[in-house]
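Accompanying notes for the structure given below.
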Amino acid sequence: MTSGNDPSHSSVTKQAAAPQTFKLTPKQAAATELLRAQRHTLIVGGARSGKTTLLVREIASRAVVSENSRHAILRLRANAARASIALDTLPKVFRLCFPGDPLRHHRTEGYFSLTNGSEIWIGGLDDKERVEKILGREYATIFLNECSQIPYATALIALTRLAQVVEGLPQAAYYDLNPTSKAHWTNVLFGEKRDPISRQPLADPGDYARMFLNPLDNAANLTPEYLAGLARLPERQRKRFYEGVYIDELDGALFSYEVIARGRVAEFALARCRRVVVAVDPSGAAGPDDEGADEIGIVVAARGDDGHAYVLADRSLRDAPAVWGRAAVRAHDEFKADHIIAEENFGGDMVRFVIRAADPNVMVRVISASRGKVQRAEPVSALYERGIVHHVGRFAALEDQLCAFTTQGYRGEGSPDRADALVWALTDLMLEQMAGWGIFEHRRQQAELARSSAPAAAAAASAPATVRLKAPDDVSIVHSISGRSYLVDANGVVEVIEDDAKPLIGQGFERIATAEVEQEKTA
C-alpha cells in the first residue's frame with residue numbers, strides 16, 4: 001500500500017486531512033489510504049456503509065488540490081446519478097468537508113465547476129446524448145457508482161476516457177457496489193484477478209485492489225434500529241446489504257444486465273422487420289395520479305429478416321383507459337405493427353373495447369394468461385441466452401423488471417407490467433402462427449374446452465400422447481412435419497406429440513427417459 005507521505009499524493013493527502021464536521025471511522029480511514037495506492041480500486045459494501053460518500057469525498061479532494069483537473073462520476077441510470085450524486089452526496093460533501101471551495105452547478109451541461117478551474121461531471125451511461133458529451137472529454141478520475149448494474153462492456157468504454165494528464169495527480173478509477181453474485185465482473189476482476197472476458201489472469205494484478213465496507217463499519221453514523229433491521233433481512237438480502245459479501249449466482253435468475261447488454265443494438269430499420277406487434281399488459285389505473293395502481297405495459301417488438309427478435313420501444317405509462325388505448329394505437333401506427341396483442345385477465349372484453357375505441361380498424365388479439373408469470377418468462381429468457389433477442393437502445397425500467405425475475409418469482413417492486421408485455425410480444429413473435437389466430441388463440445380455445453364438462457373430458461381423453469425431448473444447444477423453436485410449432489424451455493427441453501418425436505430424434509433430438517421425467521417431476 002502506498003503511504004500517505006508518497007510525494008505523488010502529497011497534495012491530495014493534505015486536502016483530505018482538512019477540517020471536517022464528521023470523523024472517519026478506522027475502516028473508512030484505511031479505505032481512504034487504499035484509494036491512493038493503485039490505479040483501480042473497488043469498495044464493496046452493504047447498505048449505508050459510507051462507501052459512496054467516501055469515494056465522492058476523495059474525488060472532491062483531488063479536484064480541490066489539482067487545478068483544471070476533470071473528474072467523472074457515472075451510474076448506469078442518468079436520473080439516479082442526478083438524484084443521488086448531483087443533488088445530494090456531492091453538495092453535501094463539499095458543504096461538510098470543503099466549505100471554502102464553493103461549487104457552481106452547470107445543470108444543463110451536467111457538471112460542477114470549482115474556482116480553480118476543476119470540473120466534476122455527473123451522468124448516466126444509459127443517456128446516449130449525455131454519454132457522448134461526457135465521453136468526449138478526458139478525465140483524471142472516473143468513478144463507476146453502483147457497478148452491480150453496469151455491464152462490463154459499458155465500463156470498458158467509460159474507462160477509455162481515463163486519460164487526462166495532471167501534474168502531481170495520478171489517474172485513478174474508482175468503483176463501488178452492493179455485492180451481488182460471485183459471477184459478477186467486479187468479483188472476477190478484483191477478487192479472482194482475471195479478465196472478465198477472456199478469463200485469463202491479469203497482466204497487472206497489483207493495479208487492482210478492493211476493500212469491503214459494511215454498515216457495522218459505519219455504525220457511528222447509523223441508528224441501532226437501522227442496523228437491527230438489516231440484520232433481520234432474509235438470508236440472501238442480509239448477505240448483500242448487511243454482511244456486504246458476494247453471494248452465489250442469484251437463485252434461478254432468468255435475465256441479467258450483462259446478457260441484455262450483449263444483445264443490444266443502436267438501431268434496426270423498420271424495413272428489415274418481417275412482423276411487428278404491440279403488446280399491452282393492462283392495469284386498473286384510473287389516471288396518471290393513481291399511484292396505487294400498476295402501470296400499463298406497452299411494448300413494441302419485431303421479428304427481423306434474420307429471424308431474431310428486436311425490442312423497438314417501451315411506451316408504458318400509468319393513465320386512464322382512453323389514454324393508454326390511444327398510446328397503444330399510436331405505437332401500432334408508428335411502427336406499422338401487424339396487430340396489438342393484449343392480456344385480458346384484467347378487465348376481460350374491456351381491453352378490446354378500449355383499443356378499438358381509439359381505432360376500430362386496428363386488429364386486436366386478446367389473450368388469457370393460463371400460466372404463471374415465471375412459466376411464461378422462462379422460454380423468453382432462453383431466447384436472450386441464445387443471443388437472438390436485441391434491445392434497440394436502452395429501456396431502463398423494462399430492463400430492471402426483467403432482471404428481477406427468478407424461477408422462484410418476481411423479486412422487484414410492484415408489478416412487472418413492462419416485462420409482462422415484453423414476454424407476450426416475444427412469445428407471439430417467436431412462435432410460428434397457427435391456424436391464423438396463433439398459439440394464444442389456440443390455448444384460449446383449449447382453456448374454454450377445459451371449463452366445459454363432457455366435451456372437455458372427451459377432448460382430454462382423445463388428446464395425443466406427448467414425448468419430452470432434449471433439444472440440440474442451438475435450437476430454440478421447433479417446427480415439426482405435422483405443422484406444429486414448439487418452444488424449447490430454459491432447460492433445453494421440448495414436449496412434442498408422439499407423431500413428431502421420431503423425425504426430430506433423427507435430427508439430433510434426444511428422448512428423455514421415463515425415469516428422468518419422473519425425477520424432474522419429483523424435484
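The way I read the labels, and the way they are meant: chains A, B, ... in the order of the C-alpha cells, residue 1 as the first residue of every chain, and ligand 1 as the first ligand shown, with later ones counted on from there.
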Handout entry: Shell of 7 Å around region 304-316 of chain A, only C-alpha atoms, local chain residues under 3 positions omitted, as a VMD selection string
Key = chain A and resid 272 to 274 295 to 301 388 to 392 395 418
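Every protein or nucleic acid residue with an atom no more than 8 Å from Glu495 (chain A), counting only C-alpha atoms and leaving out same-chain residues fewer than 2 positions away, appears here: Thr466, Val467, Arg468, Leu469, Tyr486, Val493 and Ile497 of chain A.
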Just C-alpha atoms for this one: save the residues we selected as a PDB file, in the first residue's frame.
ATOM      1  CA  THR A 466     -46.595 -36.394 -25.765  1.00  0.00           C
ATOM      2  CA  VAL A 467     -42.876 -37.080 -25.513  1.00  0.00           C
ATOM      3  CA  ARG A 468     -40.190 -34.950 -23.849  1.00  0.00           C
ATOM      4  CA  LEU A 469     -37.035 -34.425 -25.912  1.00  0.00           C
ATOM      5  CA  TYR A 486     -42.911 -25.876 -30.168  1.00  0.00           C
ATOM      6  CA  VAL A 493     -36.328 -29.460 -23.177  1.00  0.00           C
ATOM      7  CA  ILE A 497     -46.651 -35.177 -29.689  1.00  0.00           C
TER       8      ILE A 497
END
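Distance annotation: of A:Thr25, A:Thr89, A:Thr407, A:Ser84, the residue with the minimal separation from Ala219 (chain A) is A:Thr25; atom set is only C-alpha atoms.
Candidate residues A:Arg371, A:Lys23, A:Arg386, A:Arg210 were compared for distance to Lys193 (chain A), and the nearest is A:Arg210, using only C-alpha atoms.
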Practice task
Enumerate as a PyMOL selection string all residues of region 282-415 of chain A assigned to strand (DSSP E) by DSSP on the backbone, naming them with the chain letters and numbers the document uses.
Solution key: chain A and resi 297-304+309-314+339-343+364-367+389-391+405-406+409-410
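The gap separating CA of Ala421 (chain A) from CA of Ala342 (chain A) is 8.2 Å, in Å to one decimal.
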Problem - All alpha helix (DSSP H) positions in region 247-360 of chain A, as a PyMOL selection string - result: chain A and resi 257-262+321-334+349-358
Exercise for the section: Write out as a PyMOL selection string the residues lying within 6 Å of region 139-142 of chain A, counting only C-alpha atoms and excluding same-chain residues fewer than 2 positions away. Expected result: chain A and resi 70-72+162-164+171-173
Problem - Pick from A:Ile512, A:Asp294, A:Leu254, A:Asp281, whichever lies nearest to Gly409 (chain A) using only C-alpha atoms - result: A:Leu254
Name the residues in contact with region 115-129 of chain A at a cut-off of 9 Å, using only C-alpha atoms, excluding same-chain residues fewer than 2 positions from it; report them as a PDB file with C-alpha atoms, in the first residue's frame.
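The new file around.pdb reads:
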ATOM      1  CA  ILE A  59     -12.766  12.871  -5.818  1.00  0.00           C
ATOM      2  CA  ALA A  60     -13.633  16.254  -4.295  1.00  0.00           C
ATOM      3  CA  ALA A  63     -10.436  18.280  -7.680  1.00  0.00           C
ATOM      4  CA  VAL A  64      -9.719  20.885  -4.995  1.00  0.00           C
ATOM      5  CA  VAL A  65      -5.952  20.398  -4.913  1.00  0.00           C
ATOM      6  CA  SER A  66      -5.341  19.946  -8.645  1.00  0.00           C
ATOM      7  CA  GLU A  67      -6.176  22.952 -10.794  1.00  0.00           C
ATOM      8  CA  ASN A  68      -8.019  22.388 -14.072  1.00  0.00           C
ATOM      9  CA  SER A  69      -8.437  18.696 -13.370  1.00  0.00           C
ATOM     10  CA  ARG A  70     -11.507  16.869 -14.637  1.00  0.00           C
ATOM     11  CA  HIS A  71     -13.377  14.026 -12.911  1.00  0.00           C
ATOM     12  CA  ALA A  72     -16.426  11.883 -13.817  1.00  0.00           C
ATOM     13  CA  ILE A  73     -18.952  10.152 -11.563  1.00  0.00           C
ATOM     14  CA  LEU A  74     -21.064   7.757 -13.623  1.00  0.00           C
ATOM     15  CA  ARG A  75     -24.002   5.449 -12.913  1.00  0.00           C
ATOM     16  CA  LEU A  76     -25.997   3.269 -15.271  1.00  0.00           C
ATOM     17  CA  ARG A  77     -29.121   5.453 -14.983  1.00  0.00           C
ATOM     18  CA  ALA A  78     -28.817   9.186 -15.610  1.00  0.00           C
ATOM     19  CA  ASN A  79     -31.755  10.088 -13.365  1.00  0.00           C
ATOM     20  CA  ALA A  80     -30.257   8.078 -10.485  1.00  0.00           C
ATOM     21  CA  ALA A  81     -26.892   9.828 -10.927  1.00  0.00           C
ATOM     22  CA  ARG A  82     -28.544  13.237 -10.771  1.00  0.00           C
ATOM     23  CA  ILE A  85     -24.895  12.354  -6.560  1.00  0.00           C
ATOM     24  CA  ALA A  86     -25.578  15.747  -8.153  1.00  0.00           C
ATOM     25  CA  ASP A 101     -14.435  25.794  -2.043  1.00  0.00           C
ATOM     26  CA  PRO A 102     -17.873  26.644  -3.452  1.00  0.00           C
ATOM     27  CA  LEU A 103     -19.376  24.557  -6.231  1.00  0.00           C
ATOM     28  CA  ARG A 104     -21.039  26.018  -9.297  1.00  0.00           C
ATOM     29  CA  GLU A 109     -24.287  20.683 -19.176  1.00  0.00           C
ATOM     30  CA  GLY A 110     -24.246  18.146 -16.357  1.00  0.00           C
ATOM     31  CA  TYR A 111     -21.174  19.162 -14.375  1.00  0.00           C
ATOM     32  CA  PHE A 112     -19.949  21.195 -11.387  1.00  0.00           C
ATOM     33  CA  SER A 113     -17.038  23.621 -11.590  1.00  0.00           C
ATOM     34  CA  VAL A 131     -22.730   9.874 -22.721  1.00  0.00           C
ATOM     35  CA  GLU A 132     -21.375  11.284 -25.967  1.00  0.00           C
ATOM     36  CA  LYS A 133     -20.889  14.653 -24.287  1.00  0.00           C
ATOM     37  CA  ILE A 134     -19.214  13.174 -21.215  1.00  0.00           C
ATOM     38  CA  ILE A 150     -23.217  -1.574 -15.125  1.00  0.00           C
ATOM     39  CA  THR A 154     -20.052  -0.365 -20.787  1.00  0.00           C
ATOM     40  CA  ALA A 155     -17.455   0.066 -18.034  1.00  0.00           C
ATOM     41  CA  ALA A 158     -16.042   4.668 -19.944  1.00  0.00           C
ATOM     42  CA  GLY A 393     -31.427   1.182 -27.446  1.00  0.00           C
ATOM     43  CA  ARG A 394     -31.867   1.198 -23.681  1.00  0.00           C
ATOM     44  CA  PHE A 395     -35.107   0.663 -21.790  1.00  0.00           C
ATOM     45  CA  ALA A 396     -34.135   1.274 -18.167  1.00  0.00           C
TER      46      ALA A 396
END
